[in-house]
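Structure, as structure tokens:
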Amino acid sequence: MENKGISRRDFVRRSATGIVGAAFLPTILTTCSNTKGANERINIGHIGIGARGGTELVSYFMPLTQAMNIAVCDTYKDHREYYEVQINRYYSKKDKPSVECKSYVDMDELLQRKDIDAVHITTPDHWHVLAAIKAARAGKHIMLARPLGLSYPQNMVLAKALKENNVKFHYGTQQRTFEHIQLGYKLIKEGLIGEIEHVDVWAPGKNELPSPFCKEVPVPSGFDYDRWVGPAPMRPYCPERVGYKSSWYNNDFSIGFLGGGGAPPLDILVWVLKDKVSGKYSCEGTGKYWPAGENNNILSWDVNYKYENGLQVHFVSDDVAIKGMLEHRIKNENNGTTFYGTKGWISLSGSSVQSNIPLINKQLNNFTKNARGWIDGEKNAMGERFLSVIRGEEPELCPLDEAMISDTISHMADIAIRTERKVTWDPIAGEVVGDPDANKLYIREMRAPYVI
């Protein structure tokens, strides 16, 4: 991304207001109608259908009776061709009249189609916001996988594109649809645990895979490596850098589980306390990296935030949490959010919930549980809610402004650990206060031609 000759503050401001250079001209210019009636079919395209994208396609979108999945896009030929066949076979067995599903390697071709109303984006992290910007400029409603992005100015460009094209945004933080978490949200908002003073947030730091040592090999047939790398730096191909989960730990493509793993519990923090976490705050902490190999993201962290309004947030990886933060929990999950108020606390996770107030705890645990005692929170509701948002039947469940708040919390942890100093984030200015070097870590250059 070219920003030579202007300050970071000016760059963020211009990105938000539209006074931007030629590099930000739309690459997709066609638009479609954004209005759909209650009984009209919504046509959906899927961009990125690897392990996560394919699972969500099958779970969230295939069962929908008022939508059709008519396009898939992926840089892996076997991914896109597999789901093209599976979708067409599924609809033929259902005797459901449809437009035949077609596959694409180029998302721009998919986005040019006027019969596509919305897109489901589950690309690797470094493509998330760029793909969403392209979709918004094409007038397509967006369900975007977490985490949000790698560059704050790009987030601002996306916000501008959504507004200008009247596009609805649906962030892929599924926990907001879980009934036990909705109840916890309601009880906290009703003030039953009092004024919130402190919040603990924890998330998984890494998977079991060791950090790889890469050796360049030929790009396999059927894989468009250049397009997969897209806006990130181009380096020699080795499968350990681009494979499923591997890219999560390489800083060219993500900030690791600080972003991806942190997104669900941080999203619950923002959902419950948006008014308190929207302002300026300081952040400081420590973290650990893999000792060697290709993985260069943070795998373990212990970070504290202090907001100007007095709220304190402690965000750690699960290996740190297990050493003391989870003593109040009967069942421990690898991610969660505990809200401490003046009257008591409520702790929310994807499959469990708890409070130290007996009457509240009884309400929170009045949900069906499986044999292992976990609440079945995953009801595959995200697809239905996305359609409801598109039709205007409900406001955006997971809007972009809230996604930006939670994602920035992750980035401030990453920046504080990498710079080894306290940083202060000012959301009005869109920058780390008085720290140009820290700000550089929240701006990503984009490799041509994959620019916005």
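Chain labels run A, B, ... following the order of the structure tokens; each chain numbers its residues from 1, and ligands are numbered from 1 in the order shown.
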(message) Would you pick out the contacts of Asn332 (chain A) at 10 Å or less, using only C-alpha atoms, so that residues sharing its chain but fewer than 3 positions from it are not included, and give the list as a ChimeraX atom specification?
(response) /A:318,321-322,326-329,335-336,349,351-353
(request) Could you give me, as a PyMOL selection string, the residues within 12 Å of Glu208 (chain A), counting only C-alpha atoms and dropping anything in the same chain fewer than 4 positions from it? (result) chain A and resi 204+212+245-246+249+299
(request) For Asn296 (chain A), please output as a list in words all residues within 8 Å (counting only C-alpha atoms; exclusion window: fewer than 3 positions along the same chain). (result)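 The contact residues come out as Tyr249, Asn250, Asn251, Tyr289, Trp290 and Gly293 of chain A.
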(request) For Ala413 (chain A), work out the shell of residues within 8 Å, counting only C-alpha atoms and skipping chain neighbours fewer than 4 positions away, then give it as a VMD selection string. (result) chain A and resid 258 283 to 285 303 409 417
Output N, CA and C atoms for every residue in that selection, as a short mmCIF file (atom, residue, chain, number, x, y, z; two decimals), in the first residue's frame.
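See again-v4.cif below for the written result:
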```
data_model
loop_
_atom_site.label_atom_id
_atom_site.label_comp_id
_atom_site.auth_asym_id
_atom_site.auth_seq_id
_atom_site.Cartn_x
_atom_site.Cartn_y
_atom_site.Cartn_z
N LEU A 258 -3.31 -14.60 18.82
CA LEU A 258 -3.68 -13.33 19.44
C LEU A 258 -4.90 -12.74 18.73
N CYS A 283 -1.73 -0.36 27.06
CA CYS A 283 -1.55 -1.80 26.97
C CYS A 283 -0.08 -2.13 27.19
N GLU A 284 0.18 -3.12 28.04
CA GLU A 284 1.55 -3.57 28.25
C GLU A 284 1.54 -5.02 28.68
N GLY A 285 2.63 -5.74 28.34
CA GLY A 285 2.68 -7.13 28.72
C GLY A 285 3.88 -7.84 28.13
N VAL A 303 -1.03 -9.96 28.97
CA VAL A 303 -1.13 -8.53 28.64
C VAL A 303 -2.22 -7.88 29.48
N ILE A 409 -7.70 -4.62 19.89
CA ILE A 409 -7.20 -5.08 21.20
C ILE A 409 -6.14 -6.15 20.99
N ILE A 417 4.03 -6.33 22.92
CA ILE A 417 5.01 -7.40 23.13
C ILE A 417 6.20 -7.24 22.20
#
```
(request) Tell me, as a ChimeraX atom specification, which residues lie within 9 Å of Val105 (chain A), counting only C-alpha atoms; anything in the same chain fewer than 4 positions away does not count. (result) /A:72-77,80,109-110,224,227
Selected residues written out, C-alpha atoms, as an mmCIF file, in the first residue's frame:
```
data_model
loop_
_atom_site.group_PDB
_atom_site.id
_atom_site.type_symbol
_atom_site.label_atom_id
_atom_site.label_comp_id
_atom_site.auth_asym_id
_atom_site.auth_seq_id
_atom_site.Cartn_x
_atom_site.Cartn_y
_atom_site.Cartn_z
ATOM 1 C CA VAL A 72 -17.305 -20.965 -5.019
ATOM 2 C CA CYS A 73 -13.806 -19.515 -5.280
ATOM 3 C CA ASP A 74 -10.476 -20.868 -4.080
ATOM 4 C CA THR A 75 -6.826 -20.856 -5.108
ATOM 5 C CA TYR A 76 -6.747 -24.642 -4.755
ATOM 6 C CA LYS A 77 -8.301 -26.322 -7.792
ATOM 7 C CA ARG A 80 -13.243 -25.318 -5.653
ATOM 8 C CA GLU A 109 -14.868 -12.814 -11.639
ATOM 9 C CA LEU A 110 -17.229 -14.102 -8.965
ATOM 10 C CA ASP A 224 -2.262 -20.639 -7.600
ATOM 11 C CA ARG A 227 -2.861 -15.456 -5.861
#
```
(request) Kindly indicate which residue among A:Ser254, A:Ala371, A:His411, A:Met62 lies nearest to Leu441 (chain A), using only C-alpha atoms for the distances. (result)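 Nearest candidate to Leu441 (chain A) out of A:Ser254, A:Ala371, A:His411, A:Met62: A:His411.
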(request) Please provide as a PyMOL selection string all residues within 12 Å of Leu273 (chain A), with the sequence filter that same-chain residues fewer than 6 positions apart are discarded (counting only C-alpha atoms). (result) chain A and resi 185-186+188-189+191+195-199+266-267+279+307+309+311-313+337+339+402+405-406
(request) Fewer than 3 positions away in the same chain doesn't count, so skip those; otherwise give me all residues within 10 Å of Thr286 (chain A), counting only C-alpha atoms, as number ranges by chain. (result) A: 298, 300-304, 316, 413-414, 416-418, 420-421
Pick out each residue of region 55-285 of chain A that DSSP on the backbone tags as strand (DSSP E or B); I need them as an mmCIF file with N, CA and C atoms, in the first residue's frame.
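out39.cif, written as the output of this step:
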```
data_model
loop_
_atom_site.group_PDB
_atom_site.id
_atom_site.type_symbol
_atom_site.label_atom_id
_atom_site.label_comp_id
_atom_site.auth_asym_id
_atom_site.auth_seq_id
_atom_site.Cartn_x
_atom_site.Cartn_y
_atom_site.Cartn_z
ATOM 1 N N ALA A 67 -32.068 -19.497 0.437
ATOM 2 C CA ALA A 67 -30.828 -19.049 -0.184
ATOM 3 C C ALA A 67 -30.304 -20.154 -1.088
ATOM 4 N N MET A 68 -29.522 -19.757 -2.071
ATOM 5 C CA MET A 68 -28.858 -20.697 -2.964
ATOM 6 C C MET A 68 -27.369 -20.389 -3.001
ATOM 7 N N ASN A 69 -26.557 -21.425 -2.964
ATOM 8 C CA ASN A 69 -25.107 -21.282 -3.036
ATOM 9 C C ASN A 69 -24.701 -21.519 -4.484
ATOM 10 N N ILE A 70 -24.391 -20.436 -5.193
ATOM 11 C CA ILE A 70 -24.261 -20.543 -6.645
ATOM 12 C C ILE A 70 -22.847 -20.306 -7.165
ATOM 13 N N ALA A 71 -21.879 -20.068 -6.267
ATOM 14 C CA ALA A 71 -20.509 -19.850 -6.729
ATOM 15 C C ALA A 71 -19.528 -20.143 -5.608
ATOM 16 N N VAL A 72 -18.383 -20.714 -5.971
ATOM 17 C CA VAL A 72 -17.305 -20.965 -5.019
ATOM 18 C C VAL A 72 -15.996 -20.505 -5.644
ATOM 19 N N CYS A 73 -15.084 -20.038 -4.803
ATOM 20 C CA CYS A 73 -13.806 -19.515 -5.280
ATOM 21 C C CYS A 73 -12.701 -19.954 -4.339
ATOM 22 N N TYR A 76 -6.996 -23.214 -4.563
ATOM 23 C CA TYR A 76 -6.747 -24.642 -4.755
ATOM 24 C C TYR A 76 -7.815 -25.219 -5.685
ATOM 25 N N LYS A 102 -21.015 -22.506 -9.961
ATOM 26 C CA LYS A 102 -19.800 -22.461 -10.764
ATOM 27 C C LYS A 102 -18.606 -22.145 -9.869
ATOM 28 N N SER A 103 -17.436 -22.602 -10.276
ATOM 29 C CA SER A 103 -16.227 -22.389 -9.488
ATOM 30 C C SER A 103 -15.301 -21.393 -10.176
ATOM 31 N N TYR A 104 -14.520 -20.671 -9.350
ATOM 32 C CA TYR A 104 -13.627 -19.627 -9.838
ATOM 33 C C TYR A 104 -12.307 -19.679 -9.063
ATOM 34 N N ALA A 118 -24.712 -11.893 -1.945
ATOM 35 C CA ALA A 118 -23.892 -11.877 -0.737
ATOM 36 C C ALA A 118 -22.738 -12.858 -0.893
ATOM 37 N N VAL A 119 -21.691 -12.611 -0.105
ATOM 38 C CA VAL A 119 -20.545 -13.504 -0.117
ATOM 39 C C VAL A 119 -20.164 -13.901 1.299
ATOM 40 N N HIS A 120 -19.645 -15.101 1.378
ATOM 41 C CA HIS A 120 -19.136 -15.685 2.620
ATOM 42 C C HIS A 120 -17.633 -15.829 2.417
ATOM 43 N N ILE A 121 -16.836 -15.072 3.199
ATOM 44 C CA ILE A 121 -15.394 -14.995 2.988
ATOM 45 C C ILE A 121 -14.659 -15.716 4.110
ATOM 46 N N HIS A 141 -23.366 -8.140 0.122
ATOM 47 C CA HIS A 141 -23.358 -8.251 1.569
ATOM 48 C C HIS A 141 -22.311 -9.278 1.985
ATOM 49 N N ILE A 142 -21.763 -9.117 3.206
ATOM 50 C CA ILE A 142 -20.546 -9.840 3.566
ATOM 51 C C ILE A 142 -20.682 -10.542 4.907
ATOM 52 N N MET A 143 -20.393 -11.833 4.913
ATOM 53 C CA MET A 143 -20.096 -12.542 6.160
ATOM 54 C C MET A 143 -18.610 -12.864 6.113
ATOM 55 N N LEU A 144 -17.853 -12.293 7.053
ATOM 56 C CA LEU A 144 -16.393 -12.378 7.026
ATOM 57 C C LEU A 144 -15.883 -13.163 8.219
ATOM 58 N N PHE A 169 -22.793 -6.071 6.961
ATOM 59 C CA PHE A 169 -21.585 -6.787 7.377
ATOM 60 C C PHE A 169 -21.917 -7.718 8.527
ATOM 61 N N HIS A 170 -21.393 -8.936 8.458
ATOM 62 C CA HIS A 170 -21.695 -9.974 9.438
ATOM 63 C C HIS A 170 -20.380 -10.647 9.813
ATOM 64 N N TYR A 171 -19.817 -10.292 10.976
ATOM 65 C CA TYR A 171 -18.533 -10.825 11.418
ATOM 66 C C TYR A 171 -18.721 -12.241 11.962
ATOM 67 N N ILE A 196 -19.181 -3.201 36.238
ATOM 68 C CA ILE A 196 -18.026 -4.002 35.835
ATOM 69 C C ILE A 196 -16.744 -3.201 36.068
ATOM 70 N N GLU A 197 -15.816 -3.811 36.792
ATOM 71 C CA GLU A 197 -14.553 -3.160 37.114
ATOM 72 C C GLU A 197 -13.354 -3.822 36.434
ATOM 73 N N HIS A 198 -13.499 -5.110 36.146
ATOM 74 C CA HIS A 198 -12.358 -5.875 35.637
ATOM 75 C C HIS A 198 -12.874 -7.021 34.781
ATOM 76 N N VAL A 199 -12.131 -7.360 33.717
ATOM 77 C CA VAL A 199 -12.499 -8.474 32.849
ATOM 78 C C VAL A 199 -11.253 -9.308 32.559
ATOM 79 N N ASP A 200 -11.392 -10.620 32.695
ATOM 80 C CA ASP A 200 -10.348 -11.553 32.280
ATOM 81 C C ASP A 200 -10.743 -12.183 30.948
ATOM 82 N N VAL A 201 -9.813 -12.236 30.016
ATOM 83 C CA VAL A 201 -10.042 -12.844 28.703
ATOM 84 C C VAL A 201 -8.887 -13.800 28.424
ATOM 85 N N TRP A 202 -9.202 -15.014 27.961
ATOM 86 C CA TRP A 202 -8.142 -15.952 27.608
ATOM 87 C C TRP A 202 -8.481 -16.669 26.313
ATOM 88 N N ALA A 203 -7.426 -17.102 25.624
ATOM 89 C CA ALA A 203 -7.590 -17.723 24.311
ATOM 90 C C ALA A 203 -6.435 -18.683 24.072
ATOM 91 N N PHE A 223 -2.482 -25.323 -7.779
ATOM 92 C CA PHE A 223 -2.457 -24.335 -6.702
ATOM 93 C C PHE A 223 -1.890 -23.032 -7.235
ATOM 94 N N TYR A 281 -6.948 3.669 25.657
ATOM 95 C CA TYR A 281 -6.441 2.763 26.682
ATOM 96 C C TYR A 281 -4.953 2.527 26.482
ATOM 97 N N SER A 282 -4.300 2.096 27.574
ATOM 98 C CA SER A 282 -2.898 1.694 27.508
ATOM 99 C C SER A 282 -2.815 0.180 27.574
ATOM 100 N N CYS A 283 -1.733 -0.356 27.055
ATOM 101 C CA CYS A 283 -1.553 -1.802 26.972
ATOM 102 C C CYS A 283 -0.079 -2.126 27.192
ATOM 103 N N GLU A 284 0.184 -3.117 28.044
ATOM 104 C CA GLU A 284 1.552 -3.566 28.245
ATOM 105 C C GLU A 284 1.542 -5.025 28.677
ATOM 106 N N GLY A 285 2.626 -5.737 28.337
ATOM 107 C CA GLY A 285 2.683 -7.133 28.722
ATOM 108 C C GLY A 285 3.882 -7.839 28.133
#
```
(request) Enumerate as a PyMOL selection string all residues of region 249-322 of chain A assigned to helix (DSSP H, G or I) by DSSP on the backbone, naming them with the chain letters and numbers the document uses. (result) chain A and resi 249+256-258+263-277+318-321
Emit the selected residues as a PDB file, in the first residue's frame, including N, CA and C atoms.
```pdb
ATOM      1  N   TYR A 249       0.635 -18.796  12.026  1.00  0.00           N
ATOM      2  CA  TYR A 249       1.763 -18.504  12.895  1.00  0.00           C
ATOM      3  C   TYR A 249       2.887 -17.775  12.179  1.00  0.00           C
ATOM      4  N   GLY A 256      -1.243 -14.528  14.402  1.00  0.00           N
ATOM      5  CA  GLY A 256      -1.392 -15.734  15.187  1.00  0.00           C
ATOM      6  C   GLY A 256      -2.693 -15.785  15.962  1.00  0.00           C
ATOM      7  N   PHE A 257      -2.695 -16.570  17.048  1.00  0.00           N
ATOM      8  CA  PHE A 257      -3.922 -16.751  17.824  1.00  0.00           C
ATOM      9  C   PHE A 257      -4.232 -15.551  18.705  1.00  0.00           C
ATOM     10  N   LEU A 258      -3.315 -14.603  18.821  1.00  0.00           N
ATOM     11  CA  LEU A 258      -3.680 -13.326  19.438  1.00  0.00           C
ATOM     12  C   LEU A 258      -4.900 -12.744  18.729  1.00  0.00           C
ATOM     13  N   ALA A 263     -10.240 -13.607  18.964  1.00  0.00           N
ATOM     14  CA  ALA A 263     -11.443 -12.963  18.437  1.00  0.00           C
ATOM     15  C   ALA A 263     -12.724 -13.345  19.170  1.00  0.00           C
ATOM     16  N   PRO A 264     -13.026 -14.633  19.407  1.00  0.00           N
ATOM     17  CA  PRO A 264     -14.299 -14.955  20.072  1.00  0.00           C
ATOM     18  C   PRO A 264     -14.444 -14.383  21.481  1.00  0.00           C
ATOM     19  N   PRO A 265     -13.482 -14.599  22.400  1.00  0.00           N
ATOM     20  CA  PRO A 265     -13.683 -14.041  23.740  1.00  0.00           C
ATOM     21  C   PRO A 265     -13.571 -12.525  23.797  1.00  0.00           C
ATOM     22  N   LEU A 266     -12.723 -11.930  22.954  1.00  0.00           N
ATOM     23  CA  LEU A 266     -12.653 -10.464  22.923  1.00  0.00           C
ATOM     24  C   LEU A 266     -13.923  -9.866  22.336  1.00  0.00           C
ATOM     25  N   ASP A 267     -14.528 -10.568  21.389  1.00  0.00           N
ATOM     26  CA  ASP A 267     -15.785 -10.108  20.823  1.00  0.00           C
ATOM     27  C   ASP A 267     -16.876 -10.062  21.888  1.00  0.00           C
ATOM     28  N   ILE A 268     -16.897 -11.047  22.785  1.00  0.00           N
ATOM     29  CA  ILE A 268     -17.882 -11.031  23.866  1.00  0.00           C
ATOM     30  C   ILE A 268     -17.622  -9.857  24.800  1.00  0.00           C
ATOM     31  N   LEU A 269     -16.354  -9.565  25.088  1.00  0.00           N
ATOM     32  CA  LEU A 269     -16.010  -8.370  25.869  1.00  0.00           C
ATOM     33  C   LEU A 269     -16.596  -7.124  25.238  1.00  0.00           C
ATOM     34  N   VAL A 270     -16.373  -6.960  23.933  1.00  0.00           N
ATOM     35  CA  VAL A 270     -16.841  -5.762  23.233  1.00  0.00           C
ATOM     36  C   VAL A 270     -18.360  -5.735  23.158  1.00  0.00           C
ATOM     37  N   TRP A 271     -18.979  -6.865  22.922  1.00  0.00           N
ATOM     38  CA  TRP A 271     -20.443  -6.942  22.841  1.00  0.00           C
ATOM     39  C   TRP A 271     -21.088  -6.471  24.145  1.00  0.00           C
ATOM     40  N   VAL A 272     -20.548  -6.919  25.262  1.00  0.00           N
ATOM     41  CA  VAL A 272     -21.131  -6.575  26.560  1.00  0.00           C
ATOM     42  C   VAL A 272     -20.766  -5.152  26.985  1.00  0.00           C
ATOM     43  N   LEU A 273     -19.536  -4.739  26.720  1.00  0.00           N
ATOM     44  CA  LEU A 273     -19.029  -3.481  27.275  1.00  0.00           C
ATOM     45  C   LEU A 273     -18.577  -2.496  26.202  1.00  0.00           C
ATOM     46  N   LYS A 274     -19.283  -2.444  25.102  1.00  0.00           N
ATOM     47  CA  LYS A 274     -18.859  -1.571  24.007  1.00  0.00           C
ATOM     48  C   LYS A 274     -18.666  -0.134  24.467  1.00  0.00           C
ATOM     49  N   ASP A 275     -19.552   0.361  25.300  1.00  0.00           N
ATOM     50  CA  ASP A 275     -19.441   1.755  25.750  1.00  0.00           C
ATOM     51  C   ASP A 275     -18.180   1.990  26.568  1.00  0.00           C
ATOM     52  N   LYS A 276     -17.693   0.950  27.239  1.00  0.00           N
ATOM     53  CA  LYS A 276     -16.523   1.107  28.093  1.00  0.00           C
ATOM     54  C   LYS A 276     -15.205   0.836  27.376  1.00  0.00           C
ATOM     55  N   VAL A 277     -15.246   0.077  26.281  1.00  0.00           N
ATOM     56  CA  VAL A 277     -13.993  -0.293  25.604  1.00  0.00           C
ATOM     57  C   VAL A 277     -13.807   0.452  24.286  1.00  0.00           C
ATOM     58  N   ASP A 318      -4.046 -19.436  26.912  1.00  0.00           N
ATOM     59  CA  ASP A 318      -4.603 -20.432  27.823  1.00  0.00           C
ATOM     60  C   ASP A 318      -3.558 -21.074  28.735  1.00  0.00           C
ATOM     61  N   ASP A 319      -2.305 -21.155  28.285  1.00  0.00           N
ATOM     62  CA  ASP A 319      -1.271 -21.728  29.146  1.00  0.00           C
ATOM     63  C   ASP A 319      -1.002 -20.840  30.356  1.00  0.00           C
ATOM     64  N   VAL A 320      -1.202 -19.530  30.199  1.00  0.00           N
ATOM     65  CA  VAL A 320      -1.077 -18.606  31.318  1.00  0.00           C
ATOM     66  C   VAL A 320      -2.331 -18.658  32.182  1.00  0.00           C
ATOM     67  N   ALA A 321      -3.482 -18.729  31.549  1.00  0.00           N
ATOM     68  CA  ALA A 321      -4.755 -18.737  32.272  1.00  0.00           C
ATOM     69  C   ALA A 321      -4.857 -19.915  33.224  1.00  0.00           C
TER      70      ALA A 321
END
```
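If you look at CA of Gln86 (chain A) and CA of Trp127 (chain A), they are 25.1 Å away from each other.
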(request) Select, from A:Gly262, A:Gly324, A:Pro231, A:Gly287, the residue with the minimum atom-to-atom distance to Ser151 (chain A), counting only C-alpha atoms. (result) A:Pro231
(request) Name the closest residue to Asn380 (chain A) among the candidates A:Met156, A:Val58, A:Leu148, A:Cys238; distances are taken between atoms, counting only C-alpha atoms. (result) A:Val58
(message) Please report the interatomic distance between CA of Val217 (chain A) and CA of Tyr237 (chain A) in Å with one decimal.
(response)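 Answer for the CA of Val217 (chain A) to CA of Tyr237 (chain A) separation: 6.2 Å.
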(message) One number please: CA of Pro233 (chain A) to CA of Gly434 (chain A), in Å, one decimal.
(response)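 Computed distance, CA of Pro233 (chain A) to CA of Gly434 (chain A), equals 27.9 Å.
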